[in-house]
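Colleague: Supplied structure: structure.txt, compact mmCIF, C-alpha atoms.
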# COMPACT_ATOMS: atom_id res chain seq x y z
CA MET F 1 74.54 66.13 112.97
CA ASN F 2 77.80 64.44 113.88
CA SER F 3 78.38 63.29 110.34
CA THR F 4 77.33 66.58 108.70
CA ILE F 5 79.77 69.01 110.34
CA ASN F 6 83.11 69.08 108.60
CA PHE F 7 85.52 71.34 110.44
CA LYS F 8 87.89 71.26 107.48
CA ASN F 9 85.83 73.67 105.41
CA ASN F 10 87.43 77.01 104.55
CA ASP F 11 85.17 79.19 106.69
CA ASP F 12 85.86 77.10 109.77
CA LEU F 13 89.62 77.11 109.19
CA ALA F 14 89.62 80.84 108.45
CA PHE F 15 87.81 81.54 111.72
CA PHE F 16 90.08 79.24 113.71
CA GLY F 17 93.16 80.88 112.20
CA LYS F 18 91.88 84.42 112.69
CA VAL F 19 91.12 83.90 116.36
CA ASN F 20 94.43 82.12 117.01
CA ALA F 21 96.33 84.92 115.28
CA SER F 22 94.70 87.53 117.50
CA ILE F 23 95.45 85.41 120.60
CA SER F 24 99.09 85.09 119.59
CA HIS F 25 99.25 88.86 119.13
CA GLU F 26 97.85 89.34 122.63
CA LEU F 27 100.37 86.88 124.08
CA LYS F 28 103.21 88.64 122.29
CA ASN F 29 102.13 91.95 123.79
CA ILE F 30 102.09 90.36 127.25
CA LEU F 31 105.54 88.84 126.77
CA ALA F 32 106.83 92.17 125.45
CA ILE F 33 105.74 93.90 128.67
CA ILE F 34 107.30 91.17 130.83
CA SER F 35 110.46 91.39 128.73
CA GLU F 36 110.68 95.17 129.21
CA ALA F 37 109.98 94.84 132.95
CA ALA F 38 112.72 92.21 133.30
CA GLY F 39 115.06 94.42 131.24
CA LEU F 40 114.32 97.41 133.43
CA LEU F 41 114.98 95.33 136.57
CA GLN F 42 118.31 94.35 135.06
CA ASP F 43 119.09 98.01 134.30
CA LEU F 44 118.23 98.99 137.88
CA THR F 45 120.36 96.12 139.27
CA GLU F 46 123.33 97.30 137.22
CA MET F 47 122.81 100.86 138.45
CA VAL F 48 122.90 99.68 142.06
CA ALA F 49 126.03 97.63 141.31
CA ARG F 50 127.67 100.84 140.02
CA GLY F 51 126.74 102.61 143.26
CA GLN F 52 123.98 104.68 141.71
CA LYS F 53 120.80 105.36 143.67
CA ILE F 54 117.50 104.07 142.34
CA GLU F 55 113.92 104.68 143.34
CA LEU F 56 112.50 101.69 145.20
CA GLU F 57 109.11 102.52 143.72
CA MET F 58 110.47 101.60 140.29
CA LEU F 59 111.33 98.11 141.54
CA ASN F 60 107.86 97.76 143.01
CA THR F 61 106.20 98.92 139.79
CA CYS F 62 108.27 96.50 137.69
CA SER F 63 107.54 93.47 139.84
CA GLN F 64 103.86 94.40 140.09
CA ASP F 65 103.64 94.77 136.31
CA ILE F 66 105.23 91.35 135.85
CA VAL F 67 102.74 89.75 138.24
CA GLU F 68 99.80 91.44 136.49
CA GLU F 69 100.97 90.49 133.02
CA ILE F 70 101.56 86.86 134.01
CA GLN F 71 97.99 86.77 135.31
CA ARG F 72 96.79 88.34 132.03
CA GLY F 73 98.76 85.66 130.18
CA PHE F 74 97.18 82.85 132.20
CA THR F 75 93.72 84.26 131.51
CA THR F 76 94.48 84.49 127.79
CA ILE F 77 95.85 80.94 127.65
CA LYS F 78 92.76 79.67 129.49
CA GLN F 79 90.59 81.37 126.86
CA MET F 80 92.72 79.94 124.07
CA ASN F 81 92.38 76.47 125.58
CA ARG F 82 88.59 76.77 125.81
CA PHE F 83 88.41 77.98 122.22
CA SER F 84 90.72 75.22 120.96
CA HIS F 85 88.62 72.53 122.63
CA SER F 86 85.44 73.86 121.04
CA VAL F 87 86.20 71.75 117.96
CA ASP F 88 86.36 68.54 120.00
CA VAL F 89 82.72 67.61 119.42
CA PRO F 90 80.30 68.91 116.80
CA LEU F 91 77.31 68.74 119.12
CA LYS F 92 77.25 69.59 122.79
CA ASN F 93 75.14 71.18 125.50
CA VAL F 94 76.66 74.63 125.87
CA ASN F 95 76.03 77.46 128.26
CA LEU F 96 75.32 80.48 126.06
CA ILE F 97 76.60 82.89 128.67
CA GLU F 98 79.96 81.12 128.72
CA ILE F 99 80.11 81.12 124.91
CA LEU F 100 79.29 84.83 124.73
CA ASP F 101 81.74 85.70 127.49
CA LEU F 102 84.54 83.85 125.68
CA MET F 103 83.78 85.38 122.29
CA ILE F 104 83.46 88.91 123.71
CA ASN F 105 86.88 88.47 125.32
CA LEU F 106 88.51 87.02 122.20
CA ALA F 107 86.96 89.59 119.87
CA GLY F 108 88.20 92.21 122.33
CA PHE F 109 91.77 91.49 121.17
CA LEU F 110 90.96 93.06 117.80
CA SER F 111 92.47 96.51 117.39
CA PHE F 112 89.10 97.96 116.30
CA ALA F 113 87.11 96.36 119.14
CA SER F 114 84.57 98.61 120.80
CA LYS F 115 83.30 98.29 124.35
CA VAL F 116 80.75 95.58 125.03
CA ARG F 117 78.19 95.72 127.83
CA PHE F 118 77.22 92.19 128.78
CA ASP F 119 75.62 91.70 132.17
CA PRO F 120 73.95 88.30 132.27
CA THR F 121 71.50 88.32 135.15
CA GLN F 122 69.51 85.18 134.45
CA GLU F 123 69.24 82.79 137.38
CA GLU F 124 69.09 79.80 135.06
CA ALA F 125 71.98 79.51 132.64
CA PRO F 126 70.65 79.14 129.06
CA ILE F 127 71.88 75.71 127.99
CA VAL F 128 71.53 74.92 124.30
CA SER F 129 72.43 71.78 122.39
CA THR F 130 74.36 73.00 119.35
CA CYS F 131 77.70 72.97 117.56
CA PRO F 132 79.83 75.13 119.90
CA PHE F 133 82.48 75.99 117.31
CA ARG F 134 80.02 77.17 114.67
CA LEU F 135 78.00 79.11 117.24
CA GLN F 136 81.21 80.81 118.35
CA ASN F 137 81.96 81.69 114.75
CA LEU F 138 78.49 83.18 114.34
CA VAL F 139 78.81 85.26 117.52
CA TYR F 140 82.32 86.39 116.57
CA GLN F 141 81.29 87.49 113.05
CA THR F 142 78.38 89.42 114.55
CA LEU F 143 80.64 91.10 117.10
CA VAL F 144 83.11 92.06 114.37
CA PHE F 145 80.32 93.65 112.34
CA ALA F 146 78.95 95.39 115.44
CA PHE F 147 82.40 96.77 116.34
CA LYS F 148 82.85 98.18 112.85
CA SER F 149 79.38 99.70 112.96
CA VAL F 150 80.04 101.75 116.11
CA GLY F 151 83.78 102.33 115.91
CA GLU F 152 86.31 101.67 118.66
CA ASN F 153 84.97 104.45 120.87
CA GLY F 154 81.43 103.11 120.75
CA GLU F 155 79.68 100.58 122.93
CA ILE F 156 77.35 97.74 122.04
CA GLN F 157 75.10 95.72 124.30
CA VAL F 158 74.73 91.94 124.30
CA ALA F 159 71.95 90.06 126.07
CA VAL F 160 70.45 86.59 126.17
CA HIS F 161 66.71 85.94 126.23
CA ARG F 162 64.95 82.59 126.52
CA GLU F 163 62.26 82.54 123.80
CA THR F 164 60.80 79.05 124.09
CA ASN F 165 61.90 75.75 125.62
CA SER F 166 63.87 75.02 122.47
CA SER F 167 65.08 78.43 121.40
CA THR F 168 67.13 81.27 122.86
CA ARG F 169 67.77 84.71 121.41
CA ILE F 170 71.14 86.42 121.56
CA ALA F 171 70.50 90.14 121.16
CA PHE F 172 73.13 92.62 119.95
CA SER F 173 71.98 96.22 120.26
CA GLY F 174 73.33 99.76 120.13
CA LEU F 175 74.86 99.20 116.71
CA GLY F 176 75.90 102.18 114.64
CA THR F 177 75.74 102.95 110.94
CA ARG F 178 79.41 102.56 110.05
CA GLY F 179 79.17 98.97 108.88
CA GLU F 180 81.44 98.32 105.91
CA ARG F 181 79.40 95.59 104.29
CA PRO F 182 75.93 94.08 104.29
CA PHE F 183 75.14 91.83 107.20
CA PRO F 184 74.54 88.95 107.46
CA THR F 185 76.94 87.96 104.72
CA GLU F 186 76.50 84.77 102.73
CA GLU F 187 79.25 83.24 104.84
CA THR F 188 77.47 84.14 108.06
CA LYS F 189 74.15 82.90 106.75
CA ASN F 190 75.74 79.57 105.88
CA ILE F 191 77.21 79.23 109.36
CA ALA F 192 73.82 79.98 110.90
CA LYS F 193 72.08 77.55 108.57
CA SER F 194 74.52 74.76 109.45
CA ILE F 195 73.46 74.91 113.11
CA GLY F 196 69.81 75.70 112.55
CA ALA F 197 70.19 79.26 113.82
CA GLU F 198 68.62 82.37 112.36
CA ILE F 199 70.03 85.90 112.07
CA ARG F 200 67.65 88.85 112.14
CA MET F 201 68.80 92.38 111.39
CA ALA F 202 66.54 95.19 112.64
CA ASP F 203 65.03 97.43 109.98
CA ASP F 204 67.04 100.40 111.28
CA TYR F 205 70.27 98.31 111.33
CA GLN F 206 70.73 99.16 115.02
CA ALA F 207 70.25 95.63 116.35
CA ILE F 208 70.90 92.02 115.42
CA ASP F 209 69.30 88.93 116.92
CA ILE F 210 70.65 85.42 116.64
CA LEU F 211 67.96 82.86 117.32
CA VAL F 212 69.62 79.68 118.54
CA THR F 213 67.57 76.49 118.53
CA GLN F 214 68.23 73.12 120.07
CA LEU F 215 69.92 70.68 117.73
CA GLY F 216 69.39 66.94 118.13
CA GLU F 217 71.69 64.12 117.12
CA ASN F 218 69.72 63.65 113.92
CA SER F 219 69.24 67.27 112.98
CA GLY F 220 71.35 69.62 110.88
CA MET J 1 118.15 112.66 119.39
CA LYS J 2 114.48 113.31 120.20
CA VAL J 3 112.23 110.23 119.97
CA LEU J 4 108.46 109.81 120.06
CA LEU J 5 107.22 106.35 121.15
CA VAL J 6 103.61 105.41 120.39
CA ASP J 7 102.09 102.17 121.68
CA ASP J 8 98.62 101.50 123.14
CA GLU J 9 100.18 99.00 125.56
CA SER J 10 100.93 101.73 128.10
CA LYS J 11 103.05 99.57 130.42
CA PHE J 12 105.22 98.50 127.51
CA ALA J 13 105.67 102.04 126.24
CA THR J 14 106.40 103.43 129.70
CA MET J 15 109.02 100.82 130.53
CA LEU J 16 110.70 100.92 127.14
CA ALA J 17 110.85 104.71 127.40
CA LYS J 18 112.48 104.46 130.85
CA ARG J 19 115.07 102.00 129.54
CA LEU J 20 115.90 104.22 126.57
CA ALA J 21 116.05 107.28 128.84
CA LEU J 22 118.55 105.44 131.09
CA ARG J 23 120.69 105.10 127.94
CA GLY J 24 120.63 108.81 127.32
CA ILE J 25 117.85 108.99 124.75
CA ASP J 26 115.37 111.86 125.00
CA ILE J 27 112.04 110.12 124.54
CA ASP J 28 108.33 110.86 124.98
CA PRO J 29 105.94 107.89 125.31
CA VAL J 30 102.29 108.31 124.28
CA PHE J 31 99.57 105.68 124.08
CA THR J 32 97.39 106.75 121.14
CA GLY J 33 97.92 107.96 117.61
CA GLU J 34 95.85 111.02 118.40
CA ASP J 35 98.17 112.01 121.27
CA ALA J 36 101.16 111.39 119.02
CA ILE J 37 99.87 113.95 116.52
CA VAL J 38 99.33 116.50 119.30
CA LYS J 39 102.91 115.93 120.51
CA ALA J 40 104.36 116.13 117.01
CA LYS J 41 102.59 119.44 116.42
CA SER J 42 104.11 120.93 119.56
CA GLN J 43 107.71 119.84 119.06
CA ARG J 44 110.07 118.32 116.56
CA TYR J 45 111.08 114.66 116.76
CA ASP J 46 113.94 113.02 114.90
CA VAL J 47 112.40 109.55 115.11
CA ALA J 48 108.96 108.08 115.85
CA ILE J 49 108.65 104.48 117.04
CA LEU J 50 105.13 103.31 116.19
CA ASP J 51 103.13 100.24 117.13
CA VAL J 52 101.31 98.98 114.05
CA LYS J 53 98.05 97.74 115.55
CA MET J 54 96.43 100.37 117.74
CA PRO J 55 92.83 101.39 118.33
CA GLY J 56 91.92 104.61 116.53
CA ILE J 57 94.78 105.77 114.36
CA GLY J 58 96.95 102.73 113.64
CA GLY J 59 100.68 102.84 112.97
CA ILE J 60 100.51 102.85 109.17
CA GLU J 61 98.04 105.76 109.08
CA LEU J 62 99.97 107.55 111.82
CA GLU J 63 103.17 107.33 109.78
CA ARG J 64 101.44 109.21 106.94
CA LYS J 65 100.08 111.90 109.28
CA LEU J 66 103.43 112.39 111.02
CA LYS J 67 105.21 112.62 107.66
CA GLU J 68 102.74 115.32 106.62
CA LEU J 69 103.75 117.29 109.71
CA ASP J 70 107.47 116.61 109.29
CA PRO J 71 108.64 114.83 106.12
CA GLY J 72 112.10 114.43 107.63
CA MET J 73 110.92 112.42 110.61
CA LYS J 74 112.28 108.85 110.61
CA ILE J 75 109.89 106.03 111.38
CA ILE J 76 110.49 102.69 113.10
CA PHE J 77 107.58 100.27 113.37
CA LEU J 78 107.01 97.92 116.29
CA THR J 79 104.77 94.93 115.86
CA GLY J 80 103.46 91.97 117.80
CA HIS J 81 102.94 90.21 114.48
CA GLY J 82 105.55 88.02 112.90
CA SER J 83 104.51 89.01 109.38
CA LYS J 84 106.00 91.66 107.13
CA THR J 85 102.69 92.07 105.32
CA ASP J 86 101.61 95.20 107.15
CA PHE J 87 104.84 96.90 106.21
CA GLU J 88 105.01 95.83 102.64
CA THR J 89 101.54 97.28 102.05
CA GLY J 90 102.53 100.71 103.39
CA SER J 91 105.39 102.99 102.71
CA ALA J 92 107.48 101.12 105.25
CA LYS J 93 109.90 99.81 102.67
CA ALA J 94 111.90 102.94 103.28
CA THR J 95 111.77 102.57 107.05
CA CYS J 96 112.51 99.94 109.71
CA TYR J 97 110.51 97.58 111.82
CA LEU J 98 111.12 95.51 114.92
CA ALA J 99 109.12 92.55 116.20
CA LYS J 100 108.10 92.41 119.85
CA PRO J 101 109.58 91.47 122.26
CA ILE J 102 112.42 93.76 121.23
CA GLN J 103 116.11 93.75 122.08
CA ILE J 104 117.01 97.16 123.48
CA ASP J 105 120.51 97.13 121.99
CA GLU J 106 119.08 96.33 118.55
CA LEU J 107 116.62 99.21 118.89
CA ILE J 108 119.37 101.64 119.88
CA THR J 109 121.49 100.51 116.94
CA ILE J 110 118.58 101.15 114.58
CA LEU J 111 117.86 104.53 116.18
CA ARG J 112 121.47 105.55 115.54
CA GLU J 113 121.42 104.21 112.00
CA VAL J 114 118.25 106.02 110.94
CA THR J 115 119.39 109.32 112.43
CA GLY J 116 122.77 109.05 110.76
Written as structure tokens, that's how I'd like the structure from this file.
Modeller:
Amino acid sequence: MNSTINFKNNDDLAFFGKVNASISHELKNILAIISEAAGLLQDLTEMVARGQKIELEMLNTCSQDIVEEIQRGFTTIKQMNRFSHSVDVPLKNVNLIEILDLMINLAGFLSFASKVRFDPTQEEAPIVSTCPFRLQNLVYQTLVFAFKSVGENGEIQVAVHRETNSSTRIAFSGLGTRGERPFPTEETKNIAKSIGAEIRMADDYQAIDILVTQLGENSG
Amino acid sequence: MKVLLVDDESKFATMLAKRLALRGIDIDPVFTGEDAIVKAKSQRYDVAILDVKMPGIGGIELERKLKELDPGMKIIFLTGHGSKTDFETGSAKATCYLAKPIQIDELITILREVTG
């Protein structure tokens, strides 16, 4: 496995670039809000200096917005850091709930993202030995397709089910019929194949399962 | 000068609108393309400042719809992206764009320029 994954292939780089571009867009939006809040504070300060009255509530709102956006920025940077480190090793024991949570958040930066209901309730976290980066790519591509199928006002559901000791199913349901292209694409099939995963589309196109199996050092 | 500001980042739009209002500009902030169309149907705007990437009706599509309502309306695009690609693919060659975070003085200069 270690010698078979080459993160320099075009699909990998395209995915890495796409996600980083959407993160940078999110960070720019955050900085834009902080910039406007700081600018408004400066405006209010100048008004006071000129002897004009200002509403104290405006000061409170500005400072509160800055605090909230800094927190949003920290959360985004933490997600970016986790994503960036997913290329560190080609094979790792990963918690599927953490992977899904990260990908749902990162895909949520897309302008056409729909709502996602994901309420993991399992007592035992589903740990799978796999290539974290490729699995993320697979989940992300599936989320993108699901978003397009329901539109930005729709909602999809994501769940994790342990199938056997060596396999876990990630279930995407509530999909709509607005998909722009066939799914899975050849690209997505290749990603799945590279980590020994399988994608199953329901006959009515309303659900997609990703069957994730354990990969060993010598597999793949 | 009557300005319509459309950005799904509601905090950004609200604060930018307040700052422009403090500088004497009559501005209405809205947070969706759909609300922008409703506003534009109810009153005339000289300029619309549009975020490019928004859920629902995005900035490029919104420009077309607003121009259908009022061909004379001037358009300024705002973007969190550093690329000109989105603009070069639309009709934005005849309009202006600003990258976020914006400089308020630069925006005011552009507002004055486009409204003559």
Colleague: Could you name the residues that touch region 108-110 of chain J at 9 Å or less, counting only C-alpha atoms, but leaving out those on the same chain fewer than 4 positions away, as a PyMOL selection string?
Modeller: chain J and resi 20+23+25+76+96+103-104+114-115
Colleague: Give as a ChimeraX atom specification every residue of chain J that touches chain F within 10 Å, counting only C-alpha atoms.
Modeller: /J:8-20,22-23,52-58,79-82,99-104
Colleague: Write the residues of the selection above to a file with C-alpha atoms, as a compact mmCIF listing (two decimals), keeping the file's coordinate frame.
Modeller:
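Saved file again_25.txt follows:
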# COMPACT_ATOMS: atom_id res chain seq x y z
CA ASP J 8 98.62 101.50 123.14
CA GLU J 9 100.18 99.00 125.56
CA SER J 10 100.93 101.73 128.10
CA LYS J 11 103.05 99.57 130.42
CA PHE J 12 105.22 98.50 127.51
CA ALA J 13 105.67 102.04 126.24
CA THR J 14 106.40 103.43 129.70
CA MET J 15 109.02 100.82 130.53
CA LEU J 16 110.70 100.92 127.14
CA ALA J 17 110.85 104.71 127.40
CA LYS J 18 112.48 104.46 130.85
CA ARG J 19 115.07 102.00 129.54
CA LEU J 20 115.90 104.22 126.57
CA LEU J 22 118.55 105.44 131.09
CA ARG J 23 120.69 105.10 127.94
CA VAL J 52 101.31 98.98 114.05
CA LYS J 53 98.05 97.74 115.55
CA MET J 54 96.43 100.37 117.74
CA PRO J 55 92.83 101.39 118.33
CA GLY J 56 91.92 104.61 116.53
CA ILE J 57 94.78 105.77 114.36
CA GLY J 58 96.95 102.73 113.64
CA THR J 79 104.77 94.93 115.86
CA GLY J 80 103.46 91.97 117.80
CA HIS J 81 102.94 90.21 114.48
CA GLY J 82 105.55 88.02 112.90
CA ALA J 99 109.12 92.55 116.20
CA LYS J 100 108.10 92.41 119.85
CA PRO J 101 109.58 91.47 122.26
CA ILE J 102 112.42 93.76 121.23
CA GLN J 103 116.11 93.75 122.08
CA ILE J 104 117.01 97.16 123.48
Colleague: Could you pull the residues within 10 Å of region 60-68 of chain J, counting all atoms listed in the file, minus those fewer than 3 positions along the same chain, as an MDAnalysis selection string?
Modeller: chainID J and resid 6 32:34 36:37 40:41 45 48:54 56:57 71:77 86:87 89:92
Colleague: Report, in Å with one decimal, the straight-line distance from CA of Ser149 (chain F) to CA of Glu187 (chain F).
Modeller: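 CA of Ser149 (chain F) sits 18.4 Å away from CA of Glu187 (chain F).
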Colleague: Just to confirm, what's the straight-line distance from CA of Thr75 (chain F) to CA of Leu100 (chain F) in Å (one decimal)?
Modeller: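 Answer for the CA of Thr75 (chain F) to CA of Leu100 (chain F) separation: 16.0 Å.
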Colleague: If you count all atoms listed in the file, which residues fall within 12 Å of Ile77 (chain F), apart from same-chain ones fewer than 3 positions away, as a short mmCIF file (atom, residue, chain, number, x, y, z; two decimals) with C-alpha atoms, in the frame of the given file?
Modeller:
data_model
loop_
_atom_site.label_atom_id
_atom_site.label_comp_id
_atom_site.auth_asym_id
_atom_site.auth_seq_id
_atom_site.Cartn_x
_atom_site.Cartn_y
_atom_site.Cartn_z
CA ASN F 20 94.43 82.12 117.01
CA ILE F 23 95.45 85.41 120.60
CA SER F 24 99.09 85.09 119.59
CA GLU F 26 97.85 89.34 122.63
CA LEU F 27 100.37 86.88 124.08
CA LYS F 28 103.21 88.64 122.29
CA ILE F 30 102.09 90.36 127.25
CA ILE F 70 101.56 86.86 134.01
CA GLN F 71 97.99 86.77 135.31
CA ARG F 72 96.79 88.34 132.03
CA GLY F 73 98.76 85.66 130.18
CA PHE F 74 97.18 82.85 132.20
CA MET F 80 92.72 79.94 124.07
CA ASN F 81 92.38 76.47 125.58
CA ARG F 82 88.59 76.77 125.81
CA PHE F 83 88.41 77.98 122.22
CA SER F 84 90.72 75.22 120.96
CA LEU F 102 84.54 83.85 125.68
CA ASN F 105 86.88 88.47 125.32
CA LEU F 106 88.51 87.02 122.20
#
Colleague: For Phe109 (chain F), which residue among F:Gln206, F:Thr76, F:Gln214, F:Ser167 is the nearest when counting all atoms listed in the file?
Modeller: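 That would be F:Thr76, the residue with the smallest distance to Phe109 (chain F).
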Colleague: How many Å separate CA of Thr164 (chain F) from CA of Gly176 (chain F)?
Modeller: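 According to the coordinates, CA of Thr164 (chain F) and CA of Gly176 (chain F) are separated by 29.2 Å.
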Colleague: Tell me which protein, DNA and RNA residues are within 9 Å of Met201 (chain F), counting only C-alpha atoms, leaving out same-chain ones fewer than 4 positions away, and put them as a PyMOL selection string.
Modeller: chain F and resi 183-184+205-210
Colleague: Please list as an mmCIF file with C-alpha atoms, keeping the file's coordinate frame every residue within 8 Å of Arg162 (chain F), counting all atoms listed in the file and excluding residues in the same chain fewer than 6 positions away.
Modeller:
data_model
loop_
_atom_site.group_PDB
_atom_site.id
_atom_site.type_symbol
_atom_site.label_atom_id
_atom_site.label_comp_id
_atom_site.auth_asym_id
_atom_site.auth_seq_id
_atom_site.Cartn_x
_atom_site.Cartn_y
_atom_site.Cartn_z
ATOM 1 C CA PRO F 126 70.650 79.140 129.060
ATOM 2 C CA THR F 168 67.130 81.270 122.860
ATOM 3 C CA ARG F 169 67.770 84.710 121.410
#
